[in-house]
$ cat model_37.cif   # mmCIF, C-alpha atoms and all ligand atoms
data_input
#
loop_
_atom_site.label_atom_id
_atom_site.label_comp_id
_atom_site.auth_asym_id
_atom_site.auth_seq_id
_atom_site.Cartn_x
_atom_site.Cartn_y
_atom_site.Cartn_z
CA MET T 1 -32.60 -36.89 -98.98
CA LEU T 2 -33.69 -33.50 -97.73
CA THR T 3 -32.58 -29.98 -98.60
CA LYS T 4 -30.65 -28.14 -95.90
CA GLU T 5 -33.62 -25.78 -95.50
CA ASP T 6 -36.08 -28.63 -94.91
CA ASN T 7 -33.70 -30.38 -92.53
CA ASP T 8 -33.52 -27.14 -90.54
CA ARG T 9 -37.31 -26.81 -90.56
CA ILE T 10 -37.90 -30.26 -89.07
CA THR T 11 -35.11 -30.15 -86.49
CA GLN T 12 -35.00 -26.62 -85.05
CA VAL T 13 -37.24 -26.17 -82.03
CA GLY T 14 -36.60 -22.60 -80.81
CA ALA T 15 -39.52 -20.25 -80.21
CA GLY T 16 -38.98 -18.37 -83.48
CA LYS T 17 -38.75 -21.47 -85.69
CA PRO T 18 -41.75 -23.08 -87.44
CA LEU T 19 -41.32 -26.43 -85.69
CA GLY T 20 -40.78 -24.66 -82.37
CA ARG T 21 -44.11 -22.89 -82.85
CA PHE T 22 -45.77 -26.19 -83.83
CA PHE T 23 -44.48 -28.04 -80.75
CA ARG T 24 -45.59 -25.13 -78.54
CA ARG T 25 -49.19 -25.72 -79.62
CA TYR T 26 -49.38 -28.93 -77.53
CA TRP T 27 -49.29 -30.04 -73.90
CA ILE T 28 -45.86 -31.62 -73.36
CA PRO T 29 -44.01 -33.19 -70.39
CA ALA T 30 -41.56 -30.81 -68.70
CA ALA T 31 -40.27 -33.03 -65.88
CA LYS T 32 -41.00 -36.11 -63.81
CA LEU T 33 -43.04 -35.30 -60.73
CA GLU T 34 -40.41 -37.03 -58.60
CA GLU T 35 -38.05 -34.14 -59.45
CA ILE T 36 -40.20 -31.66 -57.55
CA ALA T 37 -41.91 -34.02 -55.12
CA GLU T 38 -41.16 -32.10 -51.93
CA PRO T 39 -43.12 -28.90 -51.22
CA GLY T 40 -40.55 -26.15 -50.65
CA GLY T 41 -37.78 -28.47 -51.95
CA ALA T 42 -34.95 -27.66 -54.36
CA PRO T 43 -36.04 -26.15 -57.70
CA VAL T 44 -34.83 -28.03 -60.80
CA ARG T 45 -33.40 -26.84 -64.08
CA VAL T 46 -35.59 -27.69 -67.09
CA GLY T 47 -34.41 -27.35 -70.69
CA LEU T 48 -37.39 -27.34 -73.02
CA LEU T 49 -37.61 -26.46 -76.72
CA GLY T 50 -34.45 -24.36 -76.46
CA GLU T 51 -35.66 -22.42 -73.41
CA LYS T 52 -34.01 -22.50 -70.00
CA LEU T 53 -36.63 -22.87 -67.29
CA VAL T 54 -36.90 -23.78 -63.64
CA ALA T 55 -39.57 -26.07 -62.15
CA PHE T 56 -40.47 -25.93 -58.47
CA ARG T 57 -43.12 -26.81 -55.94
CA ASP T 58 -43.64 -24.08 -53.38
CA PRO T 59 -44.14 -24.87 -49.66
CA SER T 60 -47.92 -24.87 -50.11
CA GLY T 61 -47.57 -27.63 -52.75
CA ARG T 62 -48.28 -25.57 -55.86
CA ALA T 63 -46.05 -26.43 -58.85
CA GLY T 64 -44.61 -23.77 -61.16
CA LEU T 65 -42.50 -23.49 -64.31
CA ILE T 66 -40.80 -20.16 -65.00
CA HIS T 67 -37.81 -18.69 -66.86
CA GLU T 68 -34.56 -19.72 -65.17
CA PHE T 69 -32.87 -16.33 -64.87
CA CYS T 70 -33.74 -13.51 -62.50
CA PRO T 71 -34.90 -10.42 -64.41
CA HIS T 72 -32.71 -8.20 -62.22
CA ARG T 73 -29.16 -9.21 -63.13
CA ARG T 74 -29.74 -12.73 -64.39
CA ALA T 75 -28.72 -14.95 -61.50
CA SER T 76 -30.16 -18.47 -61.87
CA LEU T 77 -33.32 -19.06 -59.89
CA VAL T 78 -32.37 -22.74 -59.57
CA TYR T 79 -30.24 -21.48 -56.67
CA GLY T 80 -33.17 -19.50 -55.29
CA ARG T 81 -35.03 -19.85 -52.03
CA ASN T 82 -38.31 -21.69 -52.49
CA GLU T 83 -40.97 -19.66 -50.70
CA GLU T 84 -44.73 -19.57 -50.48
CA GLY T 85 -45.91 -18.06 -53.77
CA GLY T 86 -42.62 -18.17 -55.70
CA LEU T 87 -38.83 -18.28 -55.89
CA ARG T 88 -36.61 -15.67 -54.23
CA CYS T 89 -33.34 -14.89 -56.00
CA LEU T 90 -30.26 -15.30 -53.79
CA TYR T 91 -28.42 -12.28 -55.15
CA HIS T 92 -30.58 -9.31 -54.04
CA GLY T 93 -33.70 -11.04 -52.79
CA TRP T 94 -36.13 -10.39 -55.64
CA LYS T 95 -39.14 -12.71 -55.52
CA ILE T 96 -40.74 -14.08 -58.69
CA GLY T 97 -44.18 -15.71 -58.56
CA HIS T 98 -45.72 -18.66 -60.44
CA SER T 99 -47.01 -16.25 -63.08
CA GLY T 100 -43.48 -14.94 -63.72
CA GLN T 101 -44.42 -11.60 -62.13
CA VAL T 102 -41.78 -9.92 -59.94
CA LEU T 103 -43.48 -9.68 -56.55
CA GLU T 104 -40.82 -8.08 -54.37
CA THR T 105 -37.58 -6.09 -54.85
CA PRO T 106 -36.34 -5.70 -51.26
CA ALA T 107 -33.04 -3.96 -52.13
CA GLU T 108 -34.91 -1.09 -53.83
CA PRO T 109 -36.07 1.96 -51.88
CA ALA T 110 -39.58 1.91 -50.43
CA GLY T 111 -42.12 2.95 -53.04
CA SER T 112 -39.92 1.81 -55.98
CA LYS T 113 -41.97 1.04 -59.10
CA LEU T 114 -39.14 -0.88 -60.78
CA ALA T 115 -40.86 -4.27 -60.55
CA LYS T 116 -44.38 -3.11 -61.27
CA ASN T 117 -44.48 -4.33 -64.86
CA LEU T 118 -41.60 -6.78 -64.77
CA CYS T 119 -42.51 -10.33 -65.69
CA VAL T 120 -40.49 -13.31 -66.94
CA SER T 121 -41.88 -16.20 -69.03
CA ALA T 122 -44.01 -18.61 -67.06
CA TYR T 123 -46.03 -21.53 -68.35
CA PRO T 124 -49.18 -23.26 -67.06
CA VAL T 125 -48.64 -26.71 -65.57
CA ARG T 126 -50.71 -29.86 -65.02
CA GLU T 127 -49.76 -32.92 -62.99
CA ALA T 128 -50.74 -36.32 -64.39
CA GLY T 129 -49.26 -39.78 -64.97
CA GLY T 130 -46.14 -39.07 -62.91
CA LEU T 131 -45.28 -36.07 -65.10
CA LEU T 132 -45.39 -32.30 -64.91
CA TRP T 133 -47.01 -31.15 -68.15
CA THR T 134 -46.87 -27.71 -69.65
CA TYR T 135 -48.24 -25.69 -72.53
CA MET T 136 -45.84 -23.12 -73.99
CA GLY T 137 -47.94 -21.70 -76.82
CA PRO T 138 -50.23 -18.70 -77.18
CA LYS T 139 -52.85 -18.63 -74.44
CA GLU T 140 -55.76 -18.21 -76.84
CA LEU T 141 -54.73 -21.37 -78.77
CA GLU T 142 -54.34 -23.70 -75.78
CA PRO T 143 -55.76 -27.15 -76.69
CA LYS T 144 -57.75 -29.46 -74.48
CA PHE T 145 -55.52 -31.56 -72.21
CA PRO T 146 -55.22 -34.99 -73.91
CA GLU T 147 -56.56 -37.81 -71.73
CA TYR T 148 -54.06 -40.56 -72.47
CA PRO T 149 -55.22 -43.96 -71.18
CA TRP T 150 -52.27 -44.40 -68.80
CA LEU T 151 -52.51 -41.07 -66.97
CA ASN T 152 -54.63 -42.34 -64.09
CA LEU T 153 -53.19 -45.82 -63.58
CA PRO T 154 -51.95 -46.78 -60.10
CA PRO T 155 -48.15 -46.82 -59.59
CA GLU T 156 -47.82 -50.61 -59.87
CA LYS T 157 -49.27 -50.47 -63.41
CA LEU T 158 -47.26 -47.49 -64.64
CA LEU T 159 -43.49 -47.08 -65.06
CA VAL T 160 -42.24 -43.69 -66.26
CA VAL T 161 -38.63 -43.76 -67.41
CA LYS T 162 -36.77 -40.63 -68.50
CA MET T 163 -33.50 -40.90 -70.40
CA TYR T 164 -31.20 -38.26 -71.83
CA GLN T 165 -30.21 -38.59 -75.47
CA ASP T 166 -27.32 -36.61 -76.87
CA CYS T 167 -28.73 -35.59 -80.25
CA ASN T 168 -31.61 -33.84 -81.94
CA TYR T 169 -35.01 -35.33 -81.07
CA LEU T 170 -35.73 -36.28 -84.72
CA GLN T 171 -33.03 -38.93 -84.82
CA GLY T 172 -34.81 -40.70 -81.99
CA LEU T 173 -38.28 -40.19 -83.37
CA GLU T 174 -37.26 -41.51 -86.78
CA GLY T 175 -36.00 -44.68 -85.10
CA ASP T 176 -39.48 -45.39 -83.80
CA LEU T 177 -40.85 -44.71 -87.28
CA ASP T 178 -38.56 -47.29 -88.84
CA PRO T 179 -40.09 -50.80 -88.83
CA ALA T 180 -37.10 -52.47 -90.53
CA HIS T 181 -34.30 -51.70 -88.09
CA PRO T 182 -35.20 -54.12 -85.23
CA ASN T 183 -34.28 -57.12 -87.38
CA TYR T 184 -30.72 -55.84 -87.39
CA LEU T 185 -30.01 -53.43 -84.53
CA HIS T 186 -32.07 -55.32 -81.94
CA ARG T 187 -31.36 -58.89 -83.06
CA ASP T 188 -30.60 -61.01 -80.04
CA PHE T 189 -29.05 -64.41 -80.80
CA THR T 190 -30.10 -65.85 -77.45
CA LEU T 191 -33.69 -64.72 -77.62
CA GLU T 192 -35.31 -67.95 -78.75
CA LYS T 193 -33.31 -70.04 -76.29
CA ASP T 194 -33.70 -68.77 -72.79
CA LYS T 195 -34.35 -65.09 -72.46
CA SER T 196 -37.49 -64.26 -70.56
CA TRP T 197 -39.02 -61.01 -71.67
CA ALA T 198 -41.36 -61.31 -68.73
CA GLY T 199 -44.23 -59.34 -70.17
CA ALA T 200 -42.05 -56.28 -70.62
CA GLY T 201 -43.32 -55.62 -74.10
CA TRP T 202 -40.55 -57.46 -75.89
CA GLN T 203 -41.73 -60.96 -76.73
CA SER T 204 -42.73 -59.35 -79.99
CA ILE T 205 -39.13 -58.66 -80.95
CA ALA T 206 -38.65 -62.39 -81.47
CA ASP T 207 -41.69 -62.43 -83.73
CA MET T 208 -40.18 -59.78 -85.98
CA MET T 209 -37.16 -61.87 -86.86
CA SER T 210 -39.05 -63.96 -89.41
CA ASP T 211 -38.78 -61.29 -92.11
CA GLY T 212 -36.22 -58.49 -92.39
CA VAL T 213 -37.98 -56.86 -95.34
CA PRO T 214 -41.37 -55.79 -93.97
CA THR T 215 -44.01 -54.28 -96.21
CA ILE T 216 -44.71 -50.81 -94.82
CA HIS T 217 -47.99 -48.90 -94.98
CA CYS T 218 -48.45 -45.30 -93.81
CA GLU T 219 -51.49 -43.09 -93.50
CA GLU T 220 -52.40 -39.74 -92.05
CA THR T 221 -54.77 -39.75 -89.08
CA PRO T 222 -56.59 -37.02 -87.11
CA TYR T 223 -53.80 -37.41 -84.51
CA LEU T 224 -50.88 -37.40 -86.99
CA MET T 225 -50.08 -40.74 -88.63
CA ARG T 226 -50.23 -44.52 -88.45
CA VAL T 227 -47.77 -47.15 -89.67
CA GLY T 228 -48.47 -50.79 -90.42
CA ALA T 229 -45.60 -53.23 -91.00
CA ILE T 230 -46.40 -56.65 -92.41
CA ARG T 231 -43.97 -59.56 -92.25
CA LYS T 232 -44.02 -62.99 -93.82
CA THR T 233 -43.93 -65.96 -91.47
CA ALA T 234 -43.05 -69.65 -91.89
CA ASP T 235 -46.76 -70.24 -92.60
CA PRO T 236 -47.65 -68.62 -95.93
CA LYS T 237 -51.25 -68.24 -94.77
CA MET T 238 -50.23 -66.09 -91.79
CA SER T 239 -48.63 -62.66 -91.50
CA TYR T 240 -47.01 -60.97 -88.55
CA VAL T 241 -48.34 -57.40 -88.32
CA ARG T 242 -47.20 -54.47 -86.20
CA THR T 243 -49.01 -51.15 -86.03
CA THR T 244 -47.68 -47.87 -84.69
CA GLU T 245 -49.73 -44.80 -83.83
CA TRP T 246 -48.12 -41.37 -83.94
CA VAL T 247 -49.79 -38.65 -81.94
CA ALA T 248 -48.76 -35.02 -82.43
CA PRO T 249 -46.44 -33.50 -81.57
CA PHE T 250 -43.90 -36.29 -80.81
CA TYR T 251 -45.63 -39.24 -79.11
CA THR T 252 -45.85 -42.83 -80.22
CA TYR T 253 -47.43 -46.07 -79.13
CA ILE T 254 -44.98 -48.89 -79.86
CA ALA T 255 -46.61 -52.20 -80.84
CA THR T 256 -46.82 -54.87 -78.16
CA GLY T 257 -48.42 -58.30 -78.24
CA PRO T 258 -51.29 -60.05 -76.45
CA HIS T 259 -51.04 -59.51 -72.68
CA GLU T 260 -47.73 -57.67 -72.98
CA SER T 261 -47.33 -54.38 -71.20
CA ARG T 262 -47.84 -51.39 -73.47
CA LEU T 263 -45.43 -48.60 -74.34
CA PHE T 264 -45.97 -44.89 -74.98
CA LYS T 265 -42.92 -42.86 -75.90
CA ALA T 266 -42.29 -39.12 -76.01
CA TRP T 267 -39.35 -37.47 -77.77
CA LEU T 268 -38.95 -34.25 -75.90
CA PRO T 269 -36.47 -31.72 -77.32
CA ILE T 270 -34.33 -29.98 -74.70
CA ASP T 271 -32.88 -27.85 -77.51
CA ASP T 272 -31.71 -28.57 -81.07
CA TYR T 273 -28.90 -30.82 -79.83
CA GLY T 274 -30.35 -32.98 -77.07
CA CYS T 275 -33.60 -34.57 -75.97
CA TYR T 276 -35.21 -36.64 -73.29
CA THR T 277 -37.00 -39.84 -74.18
CA PHE T 278 -39.85 -40.69 -71.88
CA TYR T 279 -40.66 -44.41 -71.91
CA ILE T 280 -44.09 -44.88 -70.38
CA HIS T 281 -44.59 -48.60 -69.71
CA PHE T 282 -48.09 -49.41 -68.59
CA ASN T 283 -50.50 -52.27 -68.24
CA PRO T 284 -54.14 -51.59 -67.37
CA GLU T 285 -54.64 -55.28 -66.51
CA THR T 286 -51.79 -56.42 -64.27
CA PRO T 287 -48.86 -54.96 -62.30
CA LEU T 288 -45.71 -54.41 -64.35
CA ASN T 289 -42.55 -56.43 -64.09
CA VAL T 290 -40.31 -53.42 -63.50
CA PRO T 291 -36.93 -55.22 -63.32
CA ALA T 292 -37.69 -56.93 -66.65
CA SER T 293 -38.55 -53.61 -68.31
CA TYR T 294 -35.32 -52.04 -67.07
CA ALA T 295 -33.21 -55.04 -68.04
CA ASN T 296 -34.60 -55.57 -71.53
CA TRP T 297 -34.47 -51.91 -72.47
CA GLY T 298 -31.32 -51.01 -70.53
CA HIS T 299 -32.84 -47.67 -69.64
CA GLU T 300 -32.69 -47.36 -65.87
CA THR T 301 -31.76 -43.75 -65.05
CA HIS T 302 -32.05 -41.42 -62.09
CA ALA T 303 -32.34 -37.74 -61.27
CA PRO T 304 -30.59 -35.44 -61.74
CA GLY T 305 -29.86 -35.62 -65.44
CA TYR T 306 -31.36 -39.05 -66.18
CA ARG T 307 -28.24 -40.11 -68.07
CA THR T 308 -26.65 -43.49 -68.46
CA LYS T 309 -22.88 -43.84 -68.70
CA HIS T 310 -23.08 -44.68 -72.40
CA THR T 311 -21.72 -42.05 -74.79
CA VAL T 312 -20.27 -41.84 -78.29
CA THR T 313 -16.84 -41.40 -76.67
CA ASN T 314 -17.00 -44.79 -74.92
CA MET T 315 -18.86 -46.30 -77.91
CA HIS T 316 -21.84 -47.12 -75.70
CA PHE T 317 -19.69 -49.88 -74.17
CA GLN T 318 -19.94 -51.89 -77.36
CA ASP T 319 -18.42 -55.32 -76.82
CA ARG T 320 -17.22 -57.06 -79.98
CA GLY T 321 -17.12 -60.35 -78.11
CA LEU T 322 -20.88 -60.06 -77.58
CA MET T 323 -21.34 -59.44 -81.30
CA ALA T 324 -20.15 -62.98 -82.02
CA THR T 325 -22.18 -64.75 -79.39
CA ALA T 326 -25.03 -62.67 -77.99
CA ASN T 327 -26.41 -60.00 -80.27
CA PHE T 328 -26.01 -58.18 -83.57
CA SER T 329 -24.92 -54.84 -82.07
CA GLY T 330 -22.56 -55.75 -79.24
CA VAL T 331 -24.49 -53.20 -77.19
CA GLU T 332 -26.72 -54.25 -74.32
CA GLY T 333 -30.31 -53.03 -73.91
CA ALA T 334 -32.68 -52.01 -76.68
CA ALA T 335 -32.80 -48.35 -75.64
CA ILE T 336 -29.00 -48.12 -75.61
CA GLN T 337 -28.79 -49.83 -79.00
CA ASP T 338 -31.12 -47.16 -80.41
CA ARG T 339 -29.11 -44.38 -78.77
CA ALA T 340 -25.81 -45.79 -80.05
CA VAL T 341 -26.80 -45.48 -83.71
CA GLN T 342 -28.79 -42.28 -83.30
CA GLU T 343 -26.10 -40.44 -81.31
CA SER T 344 -23.44 -41.77 -83.71
CA MET T 345 -25.02 -39.60 -86.46
CA GLY T 346 -23.86 -36.42 -84.68
CA PRO T 347 -25.90 -33.72 -82.91
CA ILE T 348 -28.09 -33.05 -85.97
CA CYS T 349 -28.06 -35.65 -88.74
CA ASP T 350 -27.05 -34.18 -92.11
CA ARG T 351 -30.05 -35.42 -94.07
CA THR T 352 -28.77 -33.84 -97.28
CA GLN T 353 -26.32 -36.77 -97.49
CA GLU T 354 -28.71 -39.70 -97.02
CA HIS T 355 -29.72 -42.34 -99.57
CA LEU T 356 -33.18 -43.50 -98.58
CA GLY T 357 -34.75 -46.76 -99.71
CA THR T 358 -38.05 -48.59 -99.62
CA SER T 359 -37.55 -49.52 -95.97
CA ASP T 360 -37.52 -45.79 -95.11
CA LYS T 361 -41.08 -45.30 -96.31
CA ALA T 362 -42.45 -44.23 -92.90
CA VAL T 363 -39.58 -41.82 -92.28
CA ILE T 364 -40.18 -40.20 -95.67
CA PHE T 365 -43.94 -40.06 -95.03
CA TYR T 366 -43.42 -38.35 -91.67
CA ARG T 367 -41.03 -35.73 -93.05
CA ARG T 368 -43.42 -34.79 -95.84
CA LEU T 369 -46.35 -34.75 -93.44
CA ILE T 370 -44.69 -32.55 -90.82
CA LEU T 371 -43.45 -30.10 -93.47
CA ARG T 372 -47.02 -29.85 -94.74
CA LYS T 373 -48.37 -29.39 -91.20
CA LEU T 374 -46.00 -26.47 -90.65
CA ILE T 375 -47.41 -24.78 -93.75
CA GLU T 376 -50.97 -25.52 -92.62
CA MET T 377 -50.23 -24.10 -89.18
CA ASP T 378 -49.11 -20.83 -90.73
CA ALA T 379 -52.27 -20.82 -92.86
CA GLY T 380 -54.34 -21.02 -89.65
CA LYS T 381 -55.64 -24.54 -90.31
CA PRO T 382 -56.51 -26.91 -87.42
CA LEU T 383 -53.59 -28.98 -86.21
CA PRO T 384 -53.56 -32.77 -85.69
CA GLY T 385 -54.87 -33.92 -82.32
CA HIS T 386 -56.62 -30.62 -81.61
CA ASP T 387 -60.20 -31.63 -82.33
CA PRO T 388 -61.67 -31.68 -78.78
CA SER T 389 -63.94 -34.61 -79.68
CA LEU T 390 -60.97 -36.93 -80.32
CA ASP T 391 -60.54 -39.97 -78.10
CA PHE T 392 -56.90 -40.45 -77.04
CA ASN T 393 -57.36 -44.06 -75.97
CA HIS T 394 -55.06 -45.68 -78.54
CA ARG T 395 -53.66 -49.15 -78.55
CA THR T 396 -51.28 -50.67 -81.09
CA ALA T 397 -50.86 -54.30 -82.05
CA SER T 398 -48.15 -56.87 -82.55
CA VAL T 399 -50.02 -59.92 -83.80
CA PHE T 400 -50.14 -62.96 -86.08
CA MET T 401 -53.14 -62.84 -88.35
CA PRO T 402 -54.33 -64.31 -91.66
CA ALA T 403 -52.20 -63.07 -94.54
CA ASP T 404 -55.28 -62.10 -96.54
CA ALA T 405 -56.80 -59.97 -93.72
CA ASP T 406 -56.60 -56.18 -93.63
CA TRP T 407 -53.70 -54.93 -91.47
CA HIS T 408 -56.05 -52.26 -90.07
CA ASP T 409 -57.78 -55.10 -88.21
CA ALA T 410 -54.61 -56.06 -86.32
CA LEU T 411 -55.95 -54.78 -82.99
CA LYS T 412 -59.19 -56.76 -83.42
CA PHE T 413 -57.16 -59.96 -83.93
CA LEU T 414 -54.98 -59.15 -80.91
CA GLU T 415 -57.97 -58.54 -78.64
CA GLU T 416 -59.64 -61.70 -79.90
CA GLN T 417 -56.53 -63.71 -79.04
CA GLU T 418 -56.47 -62.13 -75.59
CA ARG T 419 -60.12 -63.07 -75.02
CA GLU T 420 -59.48 -66.64 -76.10
CA SER T 421 -56.47 -67.10 -73.84
CA ALA T 422 -58.32 -65.55 -70.91
CA GLN T 423 -61.18 -67.99 -71.47
CA GLN T 424 -58.77 -70.92 -71.60
CA LYS T 425 -57.22 -69.79 -68.33
CA THR T 426 -60.51 -69.53 -66.47
CA GLY T 427 -61.99 -72.58 -68.19
CA ALA T 428 -64.96 -70.41 -69.06
CA THR T 429 -67.26 -71.78 -71.74
CA ALA T 430 -70.25 -70.37 -73.47
CA PRO T 431 -73.53 -71.19 -71.72
CA VAL T 432 -75.32 -74.27 -73.12
CA ASP T 433 -79.06 -74.23 -73.62
S1 LIG K 501 -29.88 -10.89 -59.73
FE1 LIG K 501 -31.65 -11.63 -58.81
S2 LIG K 501 -32.13 -10.20 -57.29
FE2 LIG K 501 -30.37 -9.39 -58.24
FE FE K 502 -35.15 -49.44 -81.98
#

$ encode --input "model_37.cif" --output "structure tokens"
Amino acid sequence: MLTKEDNDRITQVGAGKPLGRFFRRYWIPAAKLEEIAEPGGAPVRVGLLGEKLVAFRDPSGRAGLIHEFCPHRRASLVYGRNEEGGLRCLYHGWKIGHSGQVLETPAEPAGSKLAKNLCVSAYPVREAGGLLWTYMGPKELEPKFPEYPWLNLPPEKLLVVKMYQDCNYLQGLEGDLDPAHPNYLHRDFTLEKDKSWAGAGWQSIADMMSDGVPTIHCEETPYLMRVGAIRKTADPKMSYVRTTEWVAPFYTYIATGPHESRLFKAWLPIDDYGCYTFYIHFNPETPLNVPASYANWGHETHAPGYRTKHTVTNMHFQDRGLMATANFSGVEGAAIQDRAVQESMGPICDRTQEHLGTSDKAVIFYRRLILRKLIEMDAGKPLPGHDPSLDFNHRTASVFMPADADWHDALKFLEEQERESAQQKTGATAPVD
């Protein structure tokens, strides 16, 4: 249970709020590049950390991200003409450049100085991994751009999915921090029989079903935090271990098994009441099975809006017939199952009314950690993930390993199993003297 004040501190993302200032200290995704693919094409509305912005790519190909409303009389620049060097407002023809500076005020008399010092908010952008990234914090505190391992993969090895979620970002993020819920929410009665997860990162969900009471370990890292969840298996000498890496400000690597595609997720607040989840499926080794990823997660969405039809009003198309025969939730697709419970809590979960248990250990750890980081930020201390020497090449593990081994070694066991199966496939053997 949290106090109302602490719940506000870890959910409110506006520029004047502590968490809003914390999130603005990082490079974050603003849009998919497909939204502004065409030079000189239509600008797009971008809601980000409570700010209303517009993203565009001018006819010369240069991307920009500026405040949505014209500084003259506040017409939306989403309607504007997209011209070389900036957007021109439809109403009276003012032109605003990539830097937010007003460049022209054609309806004003010649020699007018009205626009000379007029500037709207504008943020630097980077293009990488199919995303338009931005940094919204103070210029002098801009961190190094994090080199995530998937940013430079070719299109066949990278699938970037964006999905709208109708609630505060923290409800989504806390779902990923919660190792116990898959045994219930994501239980699929048909899984063992015939469902092919086709390398979409979900064979491991079957492995979780052996134990609905995982032992949870949490620790702070230079990036933010790490979670290890250990489950009993039918063999008392073996455990099933899943690790999760959290990278500030709101990124996670979900555990996947040997040779499965990997998954990076971002919980991007639009404002206090809505967010976009970015599911980044990637596989450095082989091309992805895109239809399998879409089908298993149920998260295929398209611009504009990147919404599915599922809402609280239509109960996420829950089917009580399915609950008897197919799955625990009656909702299809793992991503929709998560959204159903998280959106059902309301726009901002009232955490003063919760009753947390042992299975909520990672959620509790995160809340305490982020509250402490907000205090440290205000004390001028370095923030997680900001050390420029850090390597952002994380990988998490979903793996069976000896019950007496250290869960921190989960990735070593996973990579060892991958090496062994690759050797079996190629028939490779060690050289004989
Ligand atoms: S409102 Fe934009 S130019 Fe007048
Ligand atoms: Fe989930």

$ atom_distance --input "model_37.cif" --atom1 "atom CA of Tyr184 of chain T" --atom2 "atom CA of Lys412 of chain T"
28.8 Å

$ residues_around --input "model_37.cif" --residues "Leu390 of chain T" --least-positions-apart "4" --cutoff "12 Å" --atoms "all atoms listed in the file" --output "MDAnalysis selection string"
chainID T and resid 143:148 221:223 247 384:386 394

$ write_last_selection --input "model_37.cif" --atoms "C-alpha atoms" --output "PDB file, keeping the file's coordinate frame"
ATOM      1  CA  PRO T 143     -55.760 -27.150 -76.690  1.00  0.00           C
ATOM      2  CA  LYS T 144     -57.750 -29.460 -74.480  1.00  0.00           C
ATOM      3  CA  PHE T 145     -55.520 -31.560 -72.210  1.00  0.00           C
ATOM      4  CA  PRO T 146     -55.220 -34.990 -73.910  1.00  0.00           C
ATOM      5  CA  GLU T 147     -56.560 -37.810 -71.730  1.00  0.00           C
ATOM      6  CA  TYR T 148     -54.060 -40.560 -72.470  1.00  0.00           C
ATOM      7  CA  THR T 221     -54.770 -39.750 -89.080  1.00  0.00           C
ATOM      8  CA  PRO T 222     -56.590 -37.020 -87.110  1.00  0.00           C
ATOM      9  CA  TYR T 223     -53.800 -37.410 -84.510  1.00  0.00           C
ATOM     10  CA  VAL T 247     -49.790 -38.650 -81.940  1.00  0.00           C
ATOM     11  CA  PRO T 384     -53.560 -32.770 -85.690  1.00  0.00           C
ATOM     12  CA  GLY T 385     -54.870 -33.920 -82.320  1.00  0.00           C
ATOM     13  CA  HIS T 386     -56.620 -30.620 -81.610  1.00  0.00           C
ATOM     14  CA  HIS T 394     -55.060 -45.680 -78.540  1.00  0.00           C
TER      15      HIS T 394
END

$ residues_near_ligand --input "model_37.cif" --ligand "ligand LIG 501 (chain K)" --cutoff "8 Å" --atoms "only C-alpha atoms and all ligand atoms" --output "list in words"
Phe69, Cys70, Pro71, His72, Arg73, Arg74, Ala75, Ser76, Leu77, Arg88, Cys89, Leu90, Tyr91, His92, Gly93, Trp94, Lys95 and Thr105 of chain T

$ residues_near_ligand --input "model_37.cif" --ligand "ligand FE 502 (chain K)" --cutoff "9 Å" --atoms "all atoms listed in the file" --output "list in words"
Gly172, Gly175, Asp176, Asp178, Pro179, His181, Pro182, Leu185, His186, Ala334, Ala335, Ile336, Gln337, Asp338 and Arg339 of chain T

$ residues_around --input "model_37.cif" --residues "segment 122-128 of chain T" --least-positions-apart "5" --cutoff "10 Å" --atoms "all atoms listed in the file" --output "number ranges by chain"
T: 27-33, 53-55, 62-68, 97-101, 133-137, 139, 145, 147-148, 150-153

$ closest_atom_pairs --input "model_37.cif" --of "segment 30-130 of chain T" --to "segment 15-23 of chain T" --cutoff "9 Å" --atoms "all atoms listed in the file" --output "Markdown table"
| residue | atom | partner | partner_atom | distance |
| --- | --- | --- | --- | --- |
| T:Leu49 | CA | T:Gly20 | CA | 6.7 |
| T:Gly50 | CA | T:Ala15 | CA | 7.5 |
| T:Glu51 | CA | T:Ala15 | CA | 8.1 |

$ residues_near_point --input "model_37.cif" --point "(-55.6, -57.8, -76.1)" --cutoff "12 Å" --atoms "all atoms listed in the file" --output "list of chain:residue names"
T:Ala255, T:Thr256, T:Gly257, T:Pro258, T:His259, T:Glu260, T:Ser261, T:Arg262, T:Asn283, T:Pro284, T:Glu285, T:Arg395, T:Thr396, T:Ala397, T:Ser398, T:Val399, T:Ala410, T:Leu411, T:Lys412, T:Phe413, T:Leu414, T:Glu415, T:Glu416, T:Gln417, T:Glu418, T:Arg419, T:Glu420, T:Ser421, T:Ala422

$ residues_around --input "model_37.cif" --residues "Ala37 of chain T" --least-positions-apart "2" --cutoff "12 Å" --atoms "only C-alpha atoms" --output "MDAnalysis selection string"
chainID T and resid 31:35 39:44 55:59 61:63 127 130:132 303

$ residues_near_point --input "model_37.cif" --point "(-32.6, -31.6, -72.0)" --cutoff "9 Å" --atoms "only C-alpha atoms" --output "list in words"
Val46, Gly47, Leu48, Leu49, Gly50, Tyr164, Gln165, Asp166, Leu268, Pro269, Ile270, Asp271, Tyr273, Gly274, Cys275, Tyr276 and Gly305 of chain T

$ atom_distance --input "model_37.cif" --atom1 "atom CA of His302 of chain T" --atom2 "atom CA of Asp319 of chain T"
24.4 Å

$ atom_distance --input "model_37.cif" --atom1 "atom CA of Glu142 of chain T" --atom2 "atom CA of Tyr26 of chain T"
7.4 Å

$ axis_aligned_box --input "model_37.cif" --around "segment 367-372 of chain T" --padding-each-side "4 Å" --output "JSON"
{"center_x": -44.0, "center_y": -32.8, "center_z": -93.3, "size_x": 14.0, "size_y": 13.9, "size_z": 13.0}
